[in-house]
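Data from coords_31.csv: CSV, C-alpha atoms
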chain,number,residue,atom,x,y,z
A,419,MET,CA,14.9,-46.0,-140.1
A,420,LYS,CA,15.4,-42.3,-139.3
A,421,LYS,CA,13.0,-39.8,-140.7
A,422,ILE,CA,14.8,-37.1,-142.6
A,423,LEU,CA,12.1,-34.5,-143.7
A,424,LEU,CA,8.4,-34.2,-143.5
A,425,LEU,CA,6.7,-32.5,-146.4
A,426,ALA,CA,3.0,-31.4,-146.2
A,427,THR,CA,0.4,-32.6,-148.7
A,428,MET,CA,-3.0,-31.2,-149.6
A,429,PHE,CA,-6.1,-33.3,-149.0
A,430,VAL,CA,-9.8,-32.8,-149.2
A,431,ALA,CA,-11.3,-35.3,-146.8
A,432,THR,CA,-15.0,-34.9,-147.8
A,433,MET,CA,-14.5,-35.1,-151.5
A,434,CYS,CA,-15.3,-38.3,-153.3
A,435,ASN,CA,-15.4,-37.1,-157.0
A,436,ALA,CA,-15.2,-40.7,-158.4
A,437,GLN,CA,-12.0,-41.6,-156.5
A,438,VAL,CA,-11.5,-45.2,-155.5
A,439,ILE,CA,-12.5,-45.1,-151.9
A,440,LEU,CA,-11.1,-48.1,-150.0
A,441,TRP,CA,-12.6,-47.3,-146.6
A,442,ASN,CA,-14.4,-44.2,-145.2
A,443,GLY,CA,-16.4,-45.8,-142.4
A,444,ASP,CA,-19.8,-45.5,-144.1
A,445,ASP,CA,-20.3,-48.8,-145.7
A,446,LYS,CA,-17.4,-51.2,-144.9
A,447,GLU,CA,-17.2,-51.9,-141.2
A,448,VAL,CA,-15.5,-54.8,-139.3
A,449,GLY,CA,-16.4,-58.1,-140.8
A,450,SER,CA,-18.5,-56.8,-143.7
A,451,ASP,CA,-17.8,-57.2,-147.3
A,452,GLY,CA,-14.6,-55.2,-147.8
A,453,GLY,CA,-14.2,-54.6,-144.1
A,454,PHE,CA,-11.0,-54.9,-142.0
A,455,TRP,CA,-9.9,-58.2,-140.9
A,456,ASN,CA,-10.1,-59.0,-137.1
A,457,ARG,CA,-6.6,-57.9,-136.2
A,458,ALA,CA,-5.5,-55.4,-133.5
A,459,GLU,CA,-9.0,-55.1,-132.1
A,460,PRO,CA,-10.6,-53.2,-134.9
A,461,THR,CA,-13.6,-51.1,-133.8
A,462,VAL,CA,-15.7,-48.6,-135.6
A,463,ILE,CA,-16.3,-45.5,-133.5
A,464,GLU,CA,-17.8,-42.0,-134.2
A,465,GLU,CA,-15.9,-38.8,-134.1
A,466,GLY,CA,-18.5,-36.0,-134.5
A,467,ASP,CA,-20.6,-37.1,-137.5
A,468,ASN,CA,-17.8,-39.2,-138.9
A,469,LYS,CA,-17.1,-42.9,-138.5
A,470,ILE,CA,-13.5,-43.9,-138.0
A,471,MET,CA,-11.6,-47.1,-137.3
A,472,LYS,CA,-9.8,-47.7,-134.0
A,473,PHE,CA,-7.1,-50.3,-133.5
A,474,VAL,CA,-5.0,-51.4,-130.5
A,475,THR,CA,-1.8,-53.2,-131.4
A,476,LYS,CA,-1.1,-56.2,-129.2
A,477,ASP,CA,1.1,-59.2,-128.7
A,478,ASN,CA,0.4,-62.1,-131.0
A,479,PRO,CA,-2.4,-64.2,-129.3
A,480,GLY,CA,-1.9,-67.0,-131.8
A,481,GLY,CA,-1.1,-67.4,-135.5
A,482,TRP,CA,1.8,-65.8,-137.3
A,483,ASP,CA,4.3,-63.4,-135.8
A,484,LYS,CA,3.2,-59.7,-135.7
A,485,GLU,CA,-0.3,-60.5,-137.0
A,486,HIS,CA,-1.9,-58.1,-134.6
A,487,CYS,CA,0.4,-55.2,-135.2
A,488,ASN,CA,-1.0,-54.3,-138.6
A,489,PHE,CA,-4.4,-53.6,-140.1
A,490,ALA,CA,-5.4,-55.6,-143.1
A,491,LEU,CA,-8.2,-54.4,-145.5
A,492,PRO,CA,-9.2,-57.0,-148.1
A,493,LEU,CA,-9.9,-55.3,-151.5
A,494,GLY,CA,-11.5,-58.1,-153.4
A,495,ASP,CA,-12.0,-57.1,-157.0
A,496,VAL,CA,-11.5,-53.3,-156.5
A,497,ASP,CA,-10.1,-51.9,-159.8
A,498,PHE,CA,-7.6,-49.2,-159.1
A,499,LYS,CA,-8.1,-47.9,-162.7
A,500,GLY,CA,-4.6,-46.4,-163.1
A,501,LEU,CA,-4.6,-44.4,-159.8
A,502,ARG,CA,-1.3,-44.9,-158.0
A,503,ARG,CA,-1.5,-42.3,-155.2
A,504,LEU,CA,-2.8,-43.6,-151.9
A,505,THR,CA,-3.9,-41.2,-149.2
A,506,LEU,CA,-5.1,-41.9,-145.7
A,507,ARG,CA,-5.8,-40.1,-142.4
A,508,ILE,CA,-4.1,-41.5,-139.3
A,509,LYS,CA,-3.8,-40.5,-135.6
A,510,MET,CA,-1.6,-42.1,-133.1
A,511,SER,CA,0.3,-41.2,-129.9
A,512,VAL,CA,3.9,-41.3,-131.3
A,513,ASN,CA,6.0,-40.0,-134.2
A,514,HIS,CA,6.8,-42.9,-136.4
A,515,ASN,CA,7.0,-44.2,-140.0
A,516,VAL,CA,3.8,-45.8,-141.4
A,517,LEU,CA,4.2,-48.6,-143.9
A,518,VAL,CA,1.6,-49.6,-146.5
A,519,ARG,CA,1.9,-52.5,-148.9
A,520,LEU,CA,-0.3,-54.5,-151.2
A,521,VAL,CA,-0.5,-58.3,-150.6
A,522,LYS,CA,-1.4,-60.7,-153.4
A,523,ASP,CA,-3.3,-63.6,-151.9
A,524,GLY,CA,-2.8,-65.9,-154.9
A,525,ASP,CA,1.0,-66.3,-154.5
A,526,GLY,CA,1.6,-64.7,-151.1
A,527,GLY,CA,3.8,-62.1,-152.7
A,528,TYR,CA,4.1,-58.5,-151.7
A,529,ASN,CA,4.2,-55.3,-153.6
A,530,THR,CA,7.2,-53.3,-152.4
A,531,GLY,CA,6.0,-51.3,-149.4
A,532,ARG,CA,6.0,-47.5,-149.1
A,533,LEU,CA,6.7,-45.6,-145.9
A,534,PHE,CA,5.6,-42.0,-144.9
A,535,TRP,CA,6.5,-40.2,-141.7
A,536,CYS,CA,3.7,-39.5,-139.3
A,537,GLY,CA,5.0,-36.4,-137.6
A,538,THR,CA,2.3,-35.0,-135.3
A,539,PRO,CA,1.3,-37.1,-132.3
A,540,ASN,CA,-2.3,-37.2,-131.1
A,541,GLU,CA,-3.6,-35.3,-134.1
A,542,TRP,CA,-4.8,-36.3,-137.5
A,543,ASN,CA,-2.0,-36.6,-140.1
A,544,ILE,CA,-2.6,-36.9,-143.8
A,545,LEU,CA,-0.2,-39.4,-145.4
A,546,THR,CA,0.4,-39.8,-149.1
A,547,PHE,CA,2.0,-42.9,-150.6
A,548,THR,CA,3.0,-43.0,-154.3
A,549,PHE,CA,3.0,-46.2,-156.3
A,550,ALA,CA,3.8,-44.3,-159.5
A,551,ALA,CA,7.5,-44.3,-158.6
A,552,GLY,CA,9.8,-46.9,-157.2
A,553,PRO,CA,10.0,-50.6,-157.7
A,554,ASP,CA,7.0,-52.7,-158.8
A,555,ASN,CA,5.0,-49.4,-159.3
A,556,ASP,CA,2.7,-51.1,-161.8
A,557,LYS,CA,1.3,-53.6,-159.3
A,558,VAL,CA,-1.1,-51.1,-157.9
A,559,GLN,CA,-3.3,-51.9,-160.9
A,560,ASN,CA,-3.7,-55.6,-159.9
A,561,THR,CA,-7.3,-56.5,-159.3
A,562,GLY,CA,-7.2,-60.1,-158.1
A,563,ASN,CA,-7.8,-60.8,-154.4
A,564,THR,CA,-5.4,-58.1,-153.0
A,565,VAL,CA,-5.1,-56.9,-149.5
A,566,LEU,CA,-3.9,-53.6,-148.2
A,567,GLU,CA,-1.8,-53.8,-145.1
A,568,ILE,CA,-1.2,-50.7,-142.9
A,569,TRP,CA,1.6,-50.9,-140.4
A,570,PRO,CA,1.7,-48.0,-137.9
A,571,PHE,CA,5.4,-48.9,-137.3
A,572,GLU,CA,8.1,-50.3,-139.4
A,573,GLU,CA,7.7,-54.0,-139.5
A,574,GLY,CA,10.9,-54.6,-137.4
A,575,ASP,CA,9.7,-52.3,-134.7
A,576,ALA,CA,6.1,-53.6,-134.5
A,577,LEU,CA,6.4,-55.9,-131.4
A,578,SER,CA,8.2,-53.2,-129.4
A,579,ASN,CA,5.2,-50.9,-129.8
A,580,VAL,CA,2.3,-53.1,-128.6
A,581,GLY,CA,-0.5,-51.5,-126.7
A,582,GLN,CA,-0.6,-48.4,-129.0
A,583,THR,CA,-4.0,-47.0,-130.0
A,584,VAL,CA,-4.3,-46.0,-133.7
A,585,TYR,CA,-7.1,-44.3,-135.5
A,586,ILE,CA,-7.5,-44.5,-139.3
A,587,ASP,CA,-10.0,-42.9,-141.8
A,588,ASP,CA,-10.5,-42.0,-145.4
A,589,ILE,CA,-8.3,-44.5,-147.2
A,590,LYS,CA,-8.4,-43.9,-151.0
A,591,PHE,CA,-6.6,-44.0,-154.3
A,592,GLU,CA,-6.9,-40.6,-155.8
A,593,GLY,CA,-6.1,-38.7,-159.0
A,594,PRO,CA,-7.7,-37.6,-162.3
A,595,MET,CA,-10.2,-40.0,-163.9
A,596,VAL,CA,-11.5,-39.8,-167.5
A,597,ASN,CA,-14.3,-42.1,-168.7
A,598,GLY,CA,-13.9,-44.2,-165.6
A,599,LYS,CA,-10.2,-44.8,-166.0
A,600,GLY,CA,-7.4,-43.5,-163.9
A,601,ILE,CA,-4.9,-41.1,-165.6
A,602,HIS,CA,-2.0,-43.6,-165.6
A,603,ALA,CA,-4.1,-46.1,-167.6
A,604,LEU,CA,-4.6,-43.7,-170.5
A,605,PRO,CA,-2.2,-43.6,-173.5
A,606,ASP,CA,-0.3,-40.4,-174.1
A,607,ASN,CA,-2.0,-38.0,-176.6
A,608,SER,CA,-5.2,-40.1,-176.6
A,609,LEU,CA,-7.8,-37.6,-175.3
A,610,THR,CA,-9.3,-35.5,-178.0
A,611,GLY,CA,-12.6,-33.6,-178.5
A,612,ASP,CA,-14.6,-32.9,-175.3
A,613,VAL,CA,-12.9,-34.4,-172.3
A,614,VAL,CA,-14.6,-34.6,-168.9
A,615,VAL,CA,-12.4,-35.2,-165.8
A,616,LYS,CA,-13.5,-36.5,-162.4
A,617,GLY,CA,-11.6,-37.4,-159.3
A,618,VAL,CA,-9.0,-34.9,-158.0
A,619,ILE,CA,-6.4,-32.8,-159.8
A,620,GLY,CA,-3.6,-31.3,-157.8
A,621,LYS,CA,0.2,-30.9,-157.4
A,622,GLY,CA,2.5,-31.1,-154.5
A,623,GLN,CA,5.5,-32.9,-153.0
A,624,TYR,CA,6.0,-35.6,-150.4
A,625,GLN,CA,8.6,-38.1,-149.3
A,626,ASN,CA,8.4,-41.9,-149.5
A,627,THR,CA,10.9,-44.6,-148.9
A,628,TRP,CA,11.0,-48.2,-150.1
A,629,ASP,CA,14.8,-49.0,-149.9
A,630,GLY,CA,16.1,-47.3,-146.8
A,631,ASP,CA,16.6,-43.9,-148.5
A,632,TRP,CA,14.0,-41.1,-148.6
A,633,HIS,CA,12.9,-40.1,-152.0
A,634,SER,CA,11.4,-36.7,-152.6
A,635,GLU,CA,8.5,-37.2,-154.9
A,636,ASN,CA,6.7,-34.5,-156.9
A,637,TYR,CA,3.3,-35.1,-158.3
A,638,ASP,CA,1.7,-32.8,-160.9
A,639,ASP,CA,-1.7,-34.0,-162.1
A,640,TYR,CA,-2.0,-31.0,-164.5
A,641,ALA,CA,1.2,-31.9,-166.3
A,642,LEU,CA,0.2,-35.6,-166.3
A,643,LEU,CA,-3.2,-34.6,-167.8
A,644,ALA,CA,-1.5,-32.5,-170.4
A,645,SER,CA,0.5,-35.5,-171.5
A,646,LYS,CA,-2.7,-37.5,-172.1
A,647,LEU,CA,-4.5,-34.8,-174.0
A,648,ALA,CA,-4.1,-34.6,-177.8
A,649,SER,CA,-3.4,-31.2,-179.2
A,650,THR,CA,-6.8,-31.3,-180.9
A,651,ALA,CA,-8.7,-31.5,-177.6
A,652,THR,CA,-11.4,-28.8,-177.8
A,653,THR,CA,-12.9,-28.7,-174.2
A,654,LEU,CA,-11.7,-29.8,-170.8
A,655,ASP,CA,-14.5,-30.0,-168.3
A,656,VAL,CA,-13.0,-30.2,-164.7
A,657,SER,CA,-16.1,-28.7,-163.0
A,658,GLY,CA,-16.8,-32.1,-161.3
A,659,ALA,CA,-13.2,-32.7,-160.1
A,660,GLY,CA,-11.6,-31.5,-156.8
A,661,ARG,CA,-8.7,-29.2,-157.5
A,662,TRP,CA,-5.9,-27.4,-155.7
A,663,ASP,CA,-2.9,-25.4,-156.8
A,664,GLU,CA,-4.5,-25.0,-160.3
A,665,ASP,CA,-2.0,-24.6,-163.1
A,666,TRP,CA,-3.4,-24.9,-166.6
A,667,THR,CA,-0.3,-23.4,-168.4
A,668,GLY,CA,1.0,-26.7,-169.8
A,669,ILE,CA,-2.4,-27.7,-171.1
A,670,GLN,CA,-2.9,-24.3,-172.7
A,671,ALA,CA,0.5,-24.4,-174.3
A,672,LYS,CA,-0.2,-27.8,-175.9
A,673,CYS,CA,-3.9,-27.3,-176.7
A,674,THR,CA,-3.9,-23.7,-177.9
A,675,ASN,CA,-7.6,-23.6,-178.7
A,676,ILE,CA,-8.9,-25.6,-175.7
A,677,GLN,CA,-11.6,-24.2,-173.5
A,678,ILE,CA,-11.5,-25.2,-169.8
A,679,ILE,CA,-14.8,-25.5,-167.9
A,680,THR,CA,-14.1,-24.9,-164.2
A,681,ASP,CA,-17.5,-23.9,-162.9
A,682,ALA,CA,-20.3,-26.1,-162.0
A,683,ASP,CA,-22.7,-24.1,-164.2
A,684,ALA,CA,-20.5,-25.0,-167.2
A,685,ILE,CA,-19.8,-21.4,-168.3
A,686,ARG,CA,-16.7,-21.7,-170.3
A,687,GLN,CA,-13.4,-20.0,-169.5
A,688,VAL,CA,-11.5,-18.7,-172.4
A,689,THR,CA,-8.0,-20.1,-172.1
A,690,ALA,CA,-6.5,-18.6,-175.3
A,691,PRO,CA,-7.8,-15.0,-175.2
A,692,ALA,CA,-5.1,-13.6,-177.5
A,693,ALA,CA,-6.2,-15.8,-180.4
A,694,LYS,CA,-9.9,-14.8,-179.9
A,695,ALA,CA,-9.5,-11.1,-179.0
A,696,ARG,CA,-10.5,-9.8,-182.5
A,697,GLU,CA,-13.8,-11.6,-182.3
A,698,ALA,CA,-14.9,-10.7,-178.8
A,699,TYR,CA,-18.1,-8.7,-178.1
A,700,THR,CA,-19.8,-7.6,-174.9
A,701,VAL,CA,-23.2,-9.0,-174.2
A,702,SER,CA,-24.7,-5.7,-175.5
A,703,GLY,CA,-22.9,-6.2,-178.8
A,704,GLN,CA,-19.9,-3.9,-178.5
A,705,ARG,CA,-16.8,-5.2,-180.1
A,706,ILE,CA,-13.8,-5.5,-177.7
A,707,ALA,CA,-10.2,-5.6,-178.9
A,708,LYS,CA,-8.8,-7.0,-175.7
A,709,PRO,CA,-11.2,-8.6,-173.3
A,710,THR,CA,-10.5,-8.1,-169.6
A,711,LYS,CA,-12.5,-9.8,-166.8
A,712,GLY,CA,-16.1,-10.2,-167.5
A,713,VAL,CA,-18.7,-12.0,-169.7
A,714,TYR,CA,-18.2,-11.9,-173.5
A,715,VAL,CA,-19.5,-13.4,-176.7
A,716,VAL,CA,-16.7,-15.1,-178.6
A,717,ASN,CA,-17.4,-16.9,-181.9
A,718,GLY,CA,-21.1,-16.9,-181.0
A,719,LYS,CA,-20.5,-18.5,-177.5
A,720,LYS,CA,-20.9,-16.9,-174.1
A,721,VAL,CA,-17.6,-17.1,-172.2
A,722,VAL,CA,-16.2,-15.8,-169.0
A,723,VAL,CA,-12.7,-14.2,-168.9
A,724,LYS,CA,-11.2,-14.5,-165.4
What does this structure look like when you write it as structure tokens?
Amino acid sequence: MKKILLLATMFVATMCNAQVILWNGDDKEVGSDGGFWNRAEPTVIEEGDNKIMKFVTKDNPGGWDKEHCNFALPLGDVDFKGLRRLTLRIKMSVNHNVLVRLVKDGDGGYNTGRLFWCGTPNEWNILTFTFAAGPDNDKVQNTGNTVLEIWPFEEGDALSNVGQTVYIDDIKFEGPMVNGKGIHALPDNSLTGDVVVKGVIGKGQYQNTWDGDWHSENYDDYALLASKLASTATTLDVSGAGRWDEDWTGIQAKCTNIQIITDADAIRQVTAPAAKAREAYTVSGQRIAKPTKGVYVVNGKKVVVK
């Protein structure tokens, strides 16, 4: 399959933020509970202060065809909690598509695979796979004895690329999480009152394929979060979530009186200043008709206008 276009994606490698981490080298090594199966000579090595997984693809020494051309990570009872965006870091010596798919042990069936183009040889590439679009997209929520397979080549090309060294790190399902549940598992308009978001919140674009054609996929966690918020939501605390390309306009339009907490010290940001302008005062007690940047008292509460 010919790669058509590579689109960049944002990634914060050191950020956990309650994401579902499948492998990061710290606690799930070869042969341990949740560690990689013994295929393609898996070895944990160190790169600086970071542990990564090294594989060498090879001819089948026994067993089923192509067994040692993919990397299998058993997931046990991992609950994906409504997160359907998989990211991983990978480094290999060639440009090629990388295939990921979920395997159900119980019936031997496969979730439809997703492919992403790995475009920069001998450097770390960040790959993003969406299970929120395409066929069988709901199967990412299965929790029973699933295995994640990572193929550094398309399955049909695997045996022609034996002897390749591949490095993998930071495999995770990511996205916003509320009350321990991933955003896709929440009903629309169900979040009201004070809402605390963990995980990561971002927006971007990437390409996946599952049927021979490349599909340009946009993801917008801010818009998705807005669809889950009720119009009566009063506060949105995102201070504990990783964020990029922040865009609160959709949330502000739907929840006109909501306050968004973006800082770790929980000072509240006024998100509807026009509605509150007549009641704003400086910290010294001077009434302000139209607050600009600074610290104010609005309805008896200290706020920061940014």
Nearest-residue call for Asn597 (chain A), choices A:Val580, A:Val656, A:Val615, A:Met510, using only C-alpha atoms: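 So, comparing all the options, the nearest one is A:Val615.
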Test item: residues at most 9 Å from region 587-592 of chain A, all atoms listed in the file, excluding those fewer than 4 positions along its chain, as a ChimeraX atom specification: /A:431-432,436-443,469-471,498,501-508,600,617-619
For CA of Ile679 (chain A) and CA of Val613 (chain A), the interatomic separation in Å (one decimal):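 Computing the Euclidean distance for CA of Ile679 (chain A) and CA of Val613 (chain A) yields 10.1 Å.
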d(CA of Asp631 (chain A), CA of Lys509 (chain A)) in Å: 24.4 Å
Shortest interatomic distance to Tyr640 (chain A) - which of A:Thr610, A:Thr680, A:Pro594, A:Pro605, counting all atoms listed in the file: A:Pro594
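By chain and then residue number, the residues within 6 Å of Lys616 (chain A) are Asn435, Pro594, Met595, Gly658 and Ala659 of chain A, counting all atoms listed in the file and disregarding those fewer than 4 positions away in sequence.
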Closest of A:Thr475, A:Lys499, A:Ser657, A:Ala648 to Lys599 (chain A) - atom-to-atom distances counting all atoms listed in the file: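 Using all atoms listed in the file, the shortest distance to Lys599 (chain A) belongs to A:Lys499.
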Near-region 483-491 of chain A list (6 Å; all atoms listed in the file; drop same-chain fewer than 2 positions) as a VMD selection string: chain A and resid 454 to 455 457 to 458 475 to 476 478 565 to 569 576
Which residue of A:Ala551, A:Phe534, A:Asn607, A:Ser511 approaches Asn636 (chain A) most closely, using only C-alpha atoms: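 Of A:Ala551, A:Phe534, A:Asn607, A:Ser511, the one nearest Asn636 (chain A), counting only C-alpha atoms, is A:Ala551.
Across the structure, CA of Arg519 (chain A) and CA of Glu464 (chain A) are spaced 26.7 Å apart.
With distances restricted to only C-alpha atoms, A:Val721 is the closest residue to Ala698 (chain A) from A:Ile601, A:Leu533, A:Ile678, A:Val721.
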Minimum-distance residue to Thr650 (chain A), chosen among A:Gly574, A:Gly611, A:Gly620, A:Gly552 (using only C-alpha atoms): A:Gly611
Close residues, Pro570 (chain A) itself excluded, 7 Å, only C-alpha atoms, min 5 positions apart in chain, as a list in words: Asn488, Asn515, Val516 and Leu517 of chain A
Save region 490-502 of chain A to a file: C-alpha atoms, as a CSV table (one decimal), in the first residue's frame.
chain,number,residue,atom,x,y,z
A,490,ALA,CA,2.4,-8.9,20.8
A,491,LEU,CA,1.4,-7.2,24.1
A,492,PRO,CA,-1.1,-9.0,26.2
A,493,LEU,CA,-3.6,-6.6,27.8
A,494,GLY,CA,-5.4,-8.9,30.3
A,495,ASP,CA,-8.3,-7.0,31.9
A,496,VAL,CA,-7.1,-3.5,30.9
A,497,ASP,CA,-10.2,-1.3,30.7
A,498,PHE,CA,-9.9,1.2,27.9
A,499,LYS,CA,-12.6,3.3,29.5
A,500,GLY,CA,-13.9,4.9,26.3
A,501,LEU,CA,-10.5,6.0,25.0
A,502,ARG,CA,-10.1,5.2,21.4
